[in-house]
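> Okay, so here is run-v3.cif, and as you'll see once you scroll down, it has mmCIF, C-alpha atoms.
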data_upload
#
loop_
_atom_site.label_atom_id
_atom_site.label_comp_id
_atom_site.auth_asym_id
_atom_site.auth_seq_id
_atom_site.Cartn_x
_atom_site.Cartn_y
_atom_site.Cartn_z
CA MET A 1 22.59 0.39 -21.18
CA LYS A 2 19.56 -1.53 -22.48
CA PHE A 3 20.22 -4.25 -19.91
CA ALA A 4 20.22 -1.70 -17.08
CA ALA A 5 16.95 -0.17 -18.30
CA ARG A 6 15.28 -3.58 -18.57
CA PHE A 7 16.57 -4.51 -15.11
CA LEU A 8 15.17 -1.31 -13.57
CA ILE A 9 11.78 -1.80 -15.25
CA LYS A 10 11.56 -5.39 -14.00
CA LEU A 11 12.64 -4.31 -10.50
CA TYR A 12 9.88 -1.67 -10.50
CA GLN A 13 7.25 -4.20 -11.62
CA VAL A 14 8.22 -6.76 -8.98
CA THR A 15 8.36 -4.12 -6.25
CA ARG A 16 4.94 -2.73 -7.25
CA GLU A 17 3.36 -6.20 -7.22
CA LYS A 18 4.88 -7.08 -3.84
CA PHE A 19 3.67 -3.78 -2.35
CA TRP A 20 0.05 -4.12 -3.57
CA THR A 21 -0.10 -7.83 -2.77
CA THR A 22 1.18 -7.34 0.77
CA ILE A 23 -1.14 -4.50 1.75
CA GLN A 24 -4.26 -6.11 0.23
CA ILE A 25 -3.96 -9.82 0.93
CA ILE A 26 -3.85 -9.55 4.73
CA PRO A 27 -7.21 -7.77 5.18
CA LEU A 28 -8.88 -9.78 2.38
CA ARG A 29 -7.92 -13.06 4.06
CA ILE A 30 -10.03 -11.98 7.03
CA PHE A 31 -13.15 -12.20 4.84
CA TRP A 32 -12.24 -14.58 1.98
CA LYS A 33 -10.27 -17.76 1.39
CA ILE A 34 -7.29 -16.90 -0.85
CA GLY A 35 -4.80 -19.48 -2.13
CA SER A 36 -1.05 -19.06 -2.16
CA GLY A 37 0.74 -17.00 -4.77
CA ALA A 38 -2.07 -14.51 -5.48
CA ILE A 39 -0.68 -11.36 -7.11
CA PHE A 40 -2.17 -7.87 -7.11
CA GLU A 41 -0.72 -5.59 -9.79
CA GLY A 42 -2.39 -2.54 -8.27
CA LEU A 43 -5.33 -1.43 -6.18
CA LEU A 44 -8.19 -3.94 -5.93
CA VAL A 45 -11.52 -2.15 -5.42
CA VAL A 46 -13.62 -4.25 -3.05
CA ARG A 47 -17.17 -2.94 -2.81
CA SER A 48 -18.64 -5.68 -0.60
CA THR A 49 -17.21 -8.63 1.33
CA ILE A 50 -20.28 -10.01 3.13
CA GLY A 51 -20.69 -12.93 0.72
CA SER A 52 -18.26 -15.84 0.32
CA ALA A 53 -15.25 -15.86 -1.97
CA VAL A 54 -12.79 -18.65 -2.67
CA ILE A 55 -9.81 -17.51 -4.72
CA GLY A 56 -7.40 -20.18 -5.95
CA SER A 57 -3.63 -20.26 -5.97
CA GLY A 58 -1.66 -18.17 -8.43
CA VAL A 59 -4.55 -15.85 -9.31
CA ARG A 60 -3.39 -12.54 -10.81
CA PHE A 61 -5.47 -9.37 -10.42
CA GLY A 62 -4.75 -6.34 -12.59
CA ALA A 63 -5.02 -2.84 -11.21
CA TYR A 64 -8.49 -1.49 -10.42
CA VAL A 65 -10.35 -4.78 -10.64
CA ASN A 66 -13.73 -4.19 -8.93
CA ILE A 67 -15.23 -6.99 -6.84
CA ALA A 68 -18.48 -7.09 -4.88
CA VAL A 69 -19.78 -10.26 -3.25
CA THR A 70 -23.01 -9.41 -1.48
CA GLU A 71 -24.93 -11.39 1.14
CA HIS A 72 -25.69 -14.93 -0.11
CA GLY A 73 -23.25 -14.41 -3.02
CA LEU A 74 -20.53 -16.96 -3.81
CA LEU A 75 -17.51 -16.07 -5.94
CA ASN A 76 -15.28 -19.01 -6.85
CA ILE A 77 -12.10 -18.32 -8.86
CA GLY A 78 -9.94 -21.33 -9.82
CA ASP A 79 -6.15 -21.61 -9.78
CA ASN A 80 -3.96 -19.62 -12.19
CA VAL A 81 -6.73 -17.29 -13.37
CA SER A 82 -5.73 -13.89 -14.73
CA ILE A 83 -8.19 -11.00 -14.30
CA ASN A 84 -6.91 -7.90 -16.05
CA GLN A 85 -7.26 -4.26 -15.08
CA GLY A 86 -10.62 -2.54 -14.76
CA THR A 87 -12.68 -5.74 -14.80
CA TYR A 88 -15.89 -5.89 -12.74
CA LEU A 89 -16.98 -9.05 -10.88
CA ILE A 90 -20.33 -8.32 -9.20
CA CYS A 91 -21.84 -11.31 -7.42
CA ARG A 92 -25.24 -11.49 -5.70
CA ASN A 93 -25.83 -15.17 -6.48
CA SER A 94 -22.91 -17.22 -7.85
CA ILE A 95 -19.99 -16.68 -10.22
CA HIS A 96 -17.65 -19.58 -10.94
CA ILE A 97 -14.46 -19.04 -12.98
CA GLY A 98 -12.53 -22.22 -13.84
CA LYS A 99 -8.78 -22.65 -13.55
CA ASN A 100 -6.36 -21.27 -16.16
CA THR A 101 -8.95 -18.80 -17.49
CA ARG A 102 -7.88 -15.41 -18.89
CA ILE A 103 -10.13 -12.37 -18.59
CA GLY A 104 -9.23 -9.30 -20.66
CA GLU A 105 -9.20 -5.81 -19.22
CA TYR A 106 -12.40 -3.82 -18.66
CA SER A 107 -14.65 -6.87 -18.87
CA SER A 108 -17.91 -7.08 -16.89
CA ILE A 109 -19.16 -10.27 -15.24
CA ARG A 110 -22.33 -9.62 -13.24
CA ASP A 111 -24.76 -12.30 -12.14
CA ASN A 112 -27.50 -9.73 -11.52
CA SER A 113 -29.47 -6.96 -13.16
CA HIS A 114 -32.00 -4.35 -12.09
CA CYS A 115 -35.66 -5.31 -12.20
CA TRP A 116 -37.63 -2.88 -14.37
CA GLY A 117 -41.09 -4.35 -15.05
CA ASP A 118 -43.21 -2.02 -12.88
CA ARG A 119 -43.70 1.27 -14.74
CA GLY A 120 -45.23 2.86 -11.66
CA LYS A 121 -42.03 2.45 -9.66
CA PRO A 122 -38.57 3.91 -10.29
CA ILE A 123 -36.14 1.26 -11.52
CA ASN A 124 -33.83 1.84 -8.55
CA MET A 125 -36.71 0.86 -6.21
CA GLN A 126 -37.52 -2.46 -7.94
CA GLY A 127 -34.62 -4.56 -6.66
CA PHE A 128 -32.49 -7.05 -8.55
CA SER A 129 -32.83 -10.35 -10.33
CA SER A 130 -29.93 -12.83 -10.20
CA LYS A 131 -28.86 -15.96 -12.06
CA PRO A 132 -25.58 -17.85 -11.60
CA ILE A 133 -22.71 -17.53 -14.08
CA PHE A 134 -20.42 -20.45 -14.87
CA ILE A 135 -17.16 -19.98 -16.80
CA GLY A 136 -15.25 -23.21 -17.43
CA GLU A 137 -11.53 -23.96 -17.41
CA ASP A 138 -9.02 -22.53 -19.90
CA VAL A 139 -11.48 -19.94 -21.22
CA TRP A 140 -10.23 -16.73 -22.84
CA LEU A 141 -12.42 -13.65 -22.61
CA GLY A 142 -11.06 -10.81 -24.73
CA ARG A 143 -10.98 -7.14 -23.77
CA CYS A 144 -14.28 -5.45 -22.78
CA VAL A 145 -16.39 -8.62 -22.80
CA THR A 146 -19.75 -8.48 -20.99
CA ILE A 147 -21.22 -11.69 -19.54
CA MET A 148 -24.94 -11.46 -18.78
CA PRO A 149 -26.62 -13.20 -15.78
CA GLY A 150 -27.35 -16.90 -16.14
CA ILE A 151 -24.67 -17.62 -18.77
CA SER A 152 -22.58 -20.79 -18.91
CA ILE A 153 -19.33 -20.88 -20.92
CA GLY A 154 -17.75 -24.28 -21.57
CA ASP A 155 -14.12 -25.29 -21.12
CA GLY A 156 -11.67 -23.98 -23.72
CA ALA A 157 -14.08 -21.43 -25.22
CA ILE A 158 -12.95 -18.06 -26.58
CA VAL A 159 -14.99 -14.85 -26.57
CA GLY A 160 -13.80 -12.02 -28.83
CA ALA A 161 -13.08 -8.51 -27.59
CA GLY A 162 -16.09 -6.23 -27.09
CA SER A 163 -18.61 -9.08 -27.17
CA VAL A 164 -21.84 -9.22 -25.15
CA VAL A 165 -22.61 -12.84 -24.22
CA THR A 166 -26.38 -13.38 -24.02
CA LYS A 167 -26.53 -17.16 -24.55
CA ASN A 168 -24.57 -20.19 -23.39
CA ILE A 169 -21.34 -21.17 -25.15
CA ALA A 170 -20.40 -24.84 -25.56
CA PRO A 171 -16.85 -26.10 -24.89
CA PHE A 172 -14.19 -25.01 -27.40
CA GLU A 173 -16.51 -22.70 -29.35
CA ILE A 174 -15.42 -19.23 -30.44
CA PHE A 175 -17.98 -16.43 -30.10
CA ALA A 176 -17.79 -12.72 -30.99
CA GLY A 177 -20.07 -9.74 -31.55
CA VAL A 178 -22.99 -7.89 -30.03
CA PRO A 179 -24.81 -10.05 -29.24
CA ALA A 180 -22.09 -12.70 -29.35
CA LYS A 181 -22.57 -15.37 -32.05
CA LYS A 182 -20.59 -18.49 -32.88
CA ILE A 183 -17.86 -17.73 -35.42
CA GLY A 184 -15.85 -20.95 -35.12
CA SER A 185 -14.43 -23.60 -32.85
CA ARG A 186 -11.00 -24.70 -31.74
#
Is it possible to give me this structure as structure tokens?

Amino acid sequence: MKFAARFLIKLYQVTREKFWTTIQIIPLRIFWKIGSGAIFEGLLVVRSTIGSAVIGSGVRFGAYVNIAVTEHGLLNIGDNVSINQGTYLICRNSIHIGKNTRIGEYSSIRDNSHCWGDRGKPINMQGFSSKPIFIGEDVWLGRCVTIMPGISIGDGAIVGAGSVVTKNIAPFEIFAGVPAKKIGSR
């Protein structure tokens, strides 16, 4: 009985992934370069496709990942990256995610922020500022991590769940907290 239940669950998961991958990959390939073996576990929310995106082979997208690549934006995702459900990737400038990186659910990676310096103008009328984000290879971002514009994270680094990264992280360092601070290395 347990075998039959496990078999049915696995069959459902595979069928769901094949369905979402098939209906999303064809239109996305019109706009973006997507490597082989990309998997979509559910709906991918694409807010803008006018920028460039290069998505490597074997990339796995969880359900309800939100992606926007605006004009002049470049999103580059390496091979075998896993981006879990509810994550936001908002790119006006450049976001690079190295191969074999894991991104926990509900994380936010945005290379831009609203300008707010002119008190005489509403914030929504002041435009945006942008700085590129670089995330190295084999990085692990825990659940609900926020990466601020202009941040660079070195290869093999780990960022703890719920952290807000406001400064660069060297390779193999472990950061956690709000704002994220070094708590160790690996």
> Under the rule that all atoms listed in the file are counted, which of A:Thr22, A:Gln126, A:Thr166, A:Gln13 is the nearest residue to Thr146 of chain A?
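Nearest to Thr146 of chain A: A:Thr166.
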> For Asp155 of chain A, work out the shell of residues within 6 Å, counting all atoms listed in the file and skipping chain neighbours fewer than 3 positions away, then give it as a PyMOL selection string.
chain A and resi 136-139+171
> Once 3 Å is added on each side, what centre and edge lengths in Å to one decimal does the axis-aligned box around all listed atoms of segment 143-152 of chain A have, as JSON?

{"center_x": -19.2, "center_y": -13.1, "center_z": -19.8, "size_x": 22.4, "size_y": 21.3, "size_z": 14.0}
> Could you give me, as a PDB file with C-alpha atoms, in the frame of the given file, the residues within 10 Å of Ser185 of chain A, counting all atoms listed in the file and dropping anything in the same chain fewer than 5 positions from it?

ATOM      1  CA  GLY A 156     -11.670 -23.980 -23.720  1.00  0.00           C
ATOM      2  CA  ALA A 157     -14.080 -21.430 -25.220  1.00  0.00           C
ATOM      3  CA  ILE A 158     -12.950 -18.060 -26.580  1.00  0.00           C
ATOM      4  CA  ALA A 170     -20.400 -24.840 -25.560  1.00  0.00           C
ATOM      5  CA  PRO A 171     -16.850 -26.100 -24.890  1.00  0.00           C
ATOM      6  CA  PHE A 172     -14.190 -25.010 -27.400  1.00  0.00           C
ATOM      7  CA  GLU A 173     -16.510 -22.700 -29.350  1.00  0.00           C
ATOM      8  CA  ILE A 174     -15.420 -19.230 -30.440  1.00  0.00           C
ATOM      9  CA  PHE A 175     -17.980 -16.430 -30.100  1.00  0.00           C
TER      10      PHE A 175
END
> Given all atoms listed in the file, how would the per-residue table for segment 133-185 of chain A near segment 94-116 of chain A read, listing every residue at most 7 Å away with its closest atom pair and distance in Å to one decimal, sorted by chain and number, as CSV?

residue,atom,partner,partner_atom,distance
A:Ile133,CA,A:Ile95,CA,4.8
A:Phe134,CA,A:His96,CA,4.9
A:Ile135,CA,A:Ile97,CA,4.8
A:Gly136,CA,A:Gly98,CA,4.6
A:Glu137,CA,A:Gly98,CA,4.1
A:Asp138,CA,A:Thr101,CA,4.4
A:Val139,CA,A:Thr101,CA,4.6
A:Trp140,CA,A:Arg102,CA,4.8
A:Leu141,CA,A:Ile103,CA,4.8
A:Gly142,CA,A:Gly104,CA,4.7
A:Arg143,CA,A:Gly104,CA,4.2
A:Cys144,CA,A:Ser107,CA,4.2
A:Val145,CA,A:Ser107,CA,4.6
A:Thr146,CA,A:Ser108,CA,4.7
A:Ile147,CA,A:Ile109,CA,5.0
A:Met148,CA,A:Arg110,CA,6.4
A:Pro149,CA,A:Asp111,CA,4.2
A:Gly150,CA,A:Asp111,CA,6.6
> Taking into account only C-alpha atoms, which residue in the set A:Tyr64, A:Phe31, A:Phe40, A:Tyr88 is nearest to Ser52 of chain A?
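Residue with the minimum atom-to-atom distance to Ser52 of chain A: A:Phe31.
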